[in-house]
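Colleague: Following this line is model_16.pdb, made up of PDB, C-alpha atoms:
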ATOM      1  CA  MET A1402     117.165 106.017 168.070
ATOM      2  CA  ARG A1403     116.624 105.075 171.716
ATOM      3  CA  LYS A1404     118.317 106.983 174.423
ATOM      4  CA  PRO A1405     120.735 104.751 176.438
ATOM      5  CA  ARG A1406     119.972 104.153 180.100
ATOM      6  CA  LYS A1407     121.908 105.976 182.742
ATOM      7  CA  VAL A1408     121.873 102.917 185.106
ATOM      8  CA  THR A1409     122.961  99.591 183.567
ATOM      9  CA  LYS A1410     121.836  97.246 186.357
ATOM     10  CA  ARG A1411     119.648  95.002 184.143
ATOM     11  CA  ARG A1412     116.773  95.054 186.588
ATOM     12  CA  GLY A1413     113.965  92.725 185.517
ATOM     13  CA  SER A1414     116.265  90.680 183.290
ATOM     14  CA  ARG A1415     116.172  87.031 184.311
ATOM     15  CA  ARG A1416     119.629  85.904 183.174
ATOM     16  CA  HIS A1417     121.529  89.195 182.990
ATOM     17  CA  GLY A1418     122.874  88.483 179.525
ATOM     18  CA  TYR A1419     124.223  84.975 180.283
ATOM     19  CA  GLY A1420     121.631  82.968 178.369
ATOM     20  CA  SER A1421     120.355  79.852 180.175
ATOM     21  CA  GLU A1422     122.460  79.692 183.369
ATOM     22  CA  HIS A1423     125.467  81.267 184.968
ATOM     23  CA  ARG A1424     125.647  80.574 188.654
ATOM     24  CA  GLY A1425     128.991  79.317 189.918
ATOM     25  CA  SER A1426     129.308  75.520 189.773
ATOM     26  CA  GLY A1427     125.820  74.966 188.425
ATOM     27  CA  SER A1428     126.714  75.645 184.835
ATOM     28  CA  ARG A1429     129.638  73.200 185.063
ATOM     29  CA  GLY A1430     127.639  70.264 186.496
ATOM     30  CA  GLY A1431     129.024  70.615 190.001
ATOM     31  CA  ALA A1432     132.284  71.353 191.780
ATOM     32  CA  GLY A1433     135.494  69.362 191.449
ATOM     33  CA  ASN A1434     135.271  66.041 189.573
ATOM     34  CA  ALA A1435     131.481  66.018 189.629
ATOM     35  CA  GLY A1436     129.542  65.927 186.405
ATOM     36  CA  SER A1437     132.377  64.670 184.253
ATOM     37  CA  GLY A1438     130.487  61.477 183.420
ATOM     38  CA  LYS A1439     132.490  58.617 181.924
ATOM     39  CA  ARG A1440     135.527  60.846 181.619
ATOM     40  CA  ALA A1441     135.899  60.625 185.412
ATOM     41  CA  GLN A1442     137.547  57.213 184.992
ATOM     42  CA  SER A1443     140.756  59.028 184.194
ATOM     43  CA  LYS A1444     140.676  60.299 187.770
ATOM     44  CA  LYS A1445     140.390  56.832 189.365
ATOM     45  CA  PRO A1446     143.474  55.087 190.834
ATOM     46  CA  SER A1447     142.998  52.004 188.651
ATOM     47  CA  TYR A1448     143.748  54.176 185.627
ATOM     48  CA  TRP A1449     146.791  55.827 187.228
ATOM     49  CA  GLY A1450     148.794  52.604 187.212
ATOM     50  CA  ILE A1451     148.674  52.250 191.015
ATOM     51  CA  PRO A1452     148.192  48.535 191.829
ATOM     52  CA  THR A1453     145.022  47.653 193.706
ATOM     53  CA  GLY A1454     144.178  44.382 195.442
ATOM     54  CA  LYS A1455     146.576  41.793 196.868
ATOM     55  CA  GLN A1456     150.317  42.116 196.308
ATOM     56  CA  GLY A1457     153.410  40.375 197.573
ATOM     57  CA  PHE A1458     154.315  36.805 198.295
ATOM     58  CA  THR A1459     152.017  33.963 199.243
ATOM     59  CA  THR A1460     153.038  31.210 201.618
ATOM     60  CA  GLN A1461     154.215  28.004 199.993
ATOM     61  CA  THR A1462     153.517  25.746 202.987
ATOM     62  CA  PRO A1463     150.003  24.283 203.132
ATOM     63  CA  LYS A1464     148.049  24.965 206.310
ATOM     64  CA  GLN A1465     147.891  22.107 208.781
ATOM     65  CA  LYS A1466     144.558  20.966 210.106
ATOM     66  CA  VAL A1467     144.926  20.860 213.886
ATOM     67  CA  ILE A1468     142.806  19.780 216.855
ATOM     68  CA  ASN A1469     143.213  20.392 220.581
ATOM     69  CA  ILE A1470     143.553  17.567 223.112
ATOM     70  CA  GLY A1471     140.505  18.885 224.990
ATOM     71  CA  ASP A1472     138.390  18.592 221.827
ATOM     72  CA  ILE A1473     139.610  15.034 221.244
ATOM     73  CA  ASP A1474     138.466  14.153 224.771
ATOM     74  CA  LYS A1475     134.927  15.304 223.895
ATOM     75  CA  ILE A1476     134.689  13.766 220.404
ATOM     76  CA  ILE A1477     136.547  10.472 220.877
ATOM     77  CA  GLU A1478     133.396   8.391 221.548
ATOM     78  CA  THR A1479     131.912   9.608 218.249
ATOM     79  CA  TRP A1480     135.124   8.647 216.434
ATOM     80  CA  VAL A1481     134.880   5.129 217.898
ATOM     81  CA  GLN A1482     131.300   4.793 216.571
ATOM     82  CA  GLU A1483     132.355   6.113 213.137
ATOM     83  CA  GLY A1484     135.351   3.767 212.975
ATOM     84  CA  LYS A1485     137.963   6.546 213.031
ATOM     85  CA  ALA A1486     139.281   5.363 216.427
ATOM     86  CA  GLU A1487     139.377   2.054 218.304
ATOM     87  CA  LYS A1488     138.727   1.223 221.946
ATOM     88  CA  ASN A1489     140.510  -1.695 223.652
ATOM     89  CA  ASN A1490     139.510  -1.999 227.328
ATOM     90  CA  GLN A1491     140.254   1.527 228.633
ATOM     91  CA  GLN A1492     142.710   2.565 225.908
ATOM     92  CA  TYR A1493     141.697   4.515 222.809
ATOM     93  CA  THR A1494     143.805   4.172 219.648
ATOM     94  CA  ILE A1495     143.626   7.187 217.323
ATOM     95  CA  ASN A1496     145.188   7.352 213.874
ATOM     96  CA  LEU A1497     145.206  11.052 212.936
ATOM     97  CA  GLU A1498     145.154  10.298 209.189
ATOM     98  CA  LYS A1499     141.768   8.588 209.518
ATOM     99  CA  THR A1500     140.312  11.531 211.422
ATOM    100  CA  GLY A1501     141.468  14.087 208.840
ATOM    101  CA  TYR A1502     143.756  16.016 211.189
ATOM    102  CA  ASP A1503     147.502  16.600 210.878
ATOM    103  CA  LYS A1504     148.511  17.599 214.401
ATOM    104  CA  VAL A1505     147.304  17.630 218.020
ATOM    105  CA  LEU A1506     147.723  20.797 220.097
ATOM    106  CA  GLY A1507     147.872  20.995 223.881
ATOM    107  CA  LYS A1508     144.862  23.159 224.782
ATOM    108  CA  GLY A1509     142.497  21.469 227.216
ATOM    109  CA  ASN A1510     142.853  18.273 229.231
ATOM    110  CA  THR A1511     142.156  14.583 228.742
ATOM    111  CA  THR A1512     141.140  11.972 231.262
ATOM    112  CA  LYS A1513     141.158   9.111 228.754
ATOM    113  CA  GLN A1514     144.089   6.821 228.021
ATOM    114  CA  ILE A1515     145.011   7.593 224.409
ATOM    115  CA  LEU A1516     147.451   5.904 222.041
ATOM    116  CA  LEU A1517     148.015   8.549 219.359
ATOM    117  CA  LYS A1518     149.535   7.759 215.965
ATOM    118  CA  GLY A1519     150.560  11.069 214.414
ATOM    119  CA  LYS A1520     152.098  14.447 215.215
ATOM    120  CA  ALA A1521     151.585  16.251 218.508
ATOM    121  CA  THR A1522     153.146  19.274 220.192
ATOM    122  CA  GLU A1523     155.308  18.843 223.298
ATOM    123  CA  HIS A1524     152.527  20.259 225.471
ATOM    124  CA  ALA A1525     150.006  17.773 224.032
ATOM    125  CA  LYS A1526     152.431  14.871 224.524
ATOM    126  CA  LYS A1527     152.853  15.754 228.213
ATOM    127  CA  LYS A1528     149.079  15.831 228.754
ATOM    128  CA  ILE A1529     148.559  12.516 226.963
ATOM    129  CA  GLU A1530     151.355  10.899 229.023
ATOM    130  CA  LEU A1531     149.876  12.302 232.261
ATOM    131  CA  ALA A1532     146.693  10.388 231.437
ATOM    132  CA  LYS A1533     148.811   7.197 230.943
ATOM    133  CA  GLY A1534     148.719   7.406 227.159
ATOM    134  CA  LYS A1535     151.379   7.336 224.427
ATOM    135  CA  VAL A1536     152.266   9.258 221.256
ATOM    136  CA  GLU A1537     153.852   7.321 218.396
TER     137      GLU A1537
END
What would you get if you wrote out this structure as structure tokens?
Modeller:
Amino acid sequence: MRKPRKVTKRRGSRRHGYGSEHRGSGSRGGAGNAGSGKRAQSKKPSYWGIPTGKQGFTTQTPKQKVINIGDIDKIIETWVQEGKAEKNNQQYTINLEKTGYDKVLGKGNTTKQILLKGKATEHAKKKIELAKGKVE
């Protein structure tokens, strides 16, 4: 029978009696949720029943397509060539339905005399009337 050692420090032993590995998180595949593979899906919010993505109400009113009076002043000659607007002497007649717009806003200025058939804001109406035009 062998005599037992007085010092049990396991010097020279690679694993100190723990087989393949035993070093903190390494034997578990990492710290925290790491290394859990496909089982980690149970830790994701989509599996907790918490809603993700858009919630709440959506607006029922369709968005209006608008154009500014300053932009009309720049593009009006093109509309005349395309047949979306008409020119009689110095007056331009614009039907908003033909152009694909719903409303005219008041940003910018116009120097042209415009007869507008369609919706316009108060500010746009004032600017059109200053240039000797009309809104119907």
Colleague: So, with only C-alpha atoms as the atoms that count, which of A:Asn1496, A:Asn1469, A:Gln1456, A:Ser1426 lies closest to Thr1511 of chain A?
Modeller: A:Asn1469
Colleague: For the structure provided, state which residues fall under the PyMOL selection byres ((chain A and resi 1507) around 8), and present them as a VMD selection string.
Modeller: chain A and resid 1469 to 1471 1505 to 1506 1508 to 1510 1522 to 1526 1528
Colleague: Pull C-alpha atoms from the residues just selected and write them as a PDB file, in the coordinates of the input.
Modeller:
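Just written: selection_15.pdb:
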ATOM      1  CA  ASN A1469     143.213  20.392 220.581  1.00  0.00           C
ATOM      2  CA  ILE A1470     143.553  17.567 223.112  1.00  0.00           C
ATOM      3  CA  GLY A1471     140.505  18.885 224.990  1.00  0.00           C
ATOM      4  CA  VAL A1505     147.304  17.630 218.020  1.00  0.00           C
ATOM      5  CA  LEU A1506     147.723  20.797 220.097  1.00  0.00           C
ATOM      6  CA  LYS A1508     144.862  23.159 224.782  1.00  0.00           C
ATOM      7  CA  GLY A1509     142.497  21.469 227.216  1.00  0.00           C
ATOM      8  CA  ASN A1510     142.853  18.273 229.231  1.00  0.00           C
ATOM      9  CA  THR A1522     153.146  19.274 220.192  1.00  0.00           C
ATOM     10  CA  GLU A1523     155.308  18.843 223.298  1.00  0.00           C
ATOM     11  CA  HIS A1524     152.527  20.259 225.471  1.00  0.00           C
ATOM     12  CA  ALA A1525     150.006  17.773 224.032  1.00  0.00           C
ATOM     13  CA  LYS A1526     152.431  14.871 224.524  1.00  0.00           C
ATOM     14  CA  LYS A1528     149.079  15.831 228.754  1.00  0.00           C
TER      15      LYS A1528
END
Colleague: Interatomic distance between atom CA of Thr1479 of chain A and atom CA of Thr1500 of chain A?
Modeller: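 Distance between the two atoms: 11.0 Å.
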Colleague: Would you pick out the contacts of Lys1513 of chain A at 8 Å or less, using all atoms listed in the file, so that residues sharing its chain but fewer than 6 positions from it are not included, and give the list as a PyMOL selection string?
Modeller: chain A and resi 1474+1491-1493+1532+1534
Colleague: Within 10 Å of Leu1516 of chain A, counting all atoms listed in the file, which residues qualify if same-chain residues fewer than 3 places away don't, as a list in words?
Modeller: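 Here the answer would be Ala1486, Glu1487, Lys1488, Gln1492, Tyr1493, Thr1494, Ile1495, Asn1496, Lys1513, Gly1519, Ile1529, Glu1530, Lys1533, Gly1534, Lys1535, Val1536 and Glu1537 of chain A.
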Colleague: Atom CA of Gln1514 of chain A to atom CA of Leu1531 of chain A: how many Å, to one decimal?
Modeller: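 Separating atom CA of Gln1514 of chain A from atom CA of Leu1531 of chain A is a distance of 9.0 Å.
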Colleague: Can you work out which one of A:Gly1501, A:Ile1515, A:Gln1461, A:Ala1432 has the shortest atom-to-atom distance to Lys1527 of chain A, counting all atoms listed in the file?
Modeller: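 Under the stated criterion, the closest residue is A:Ile1515.
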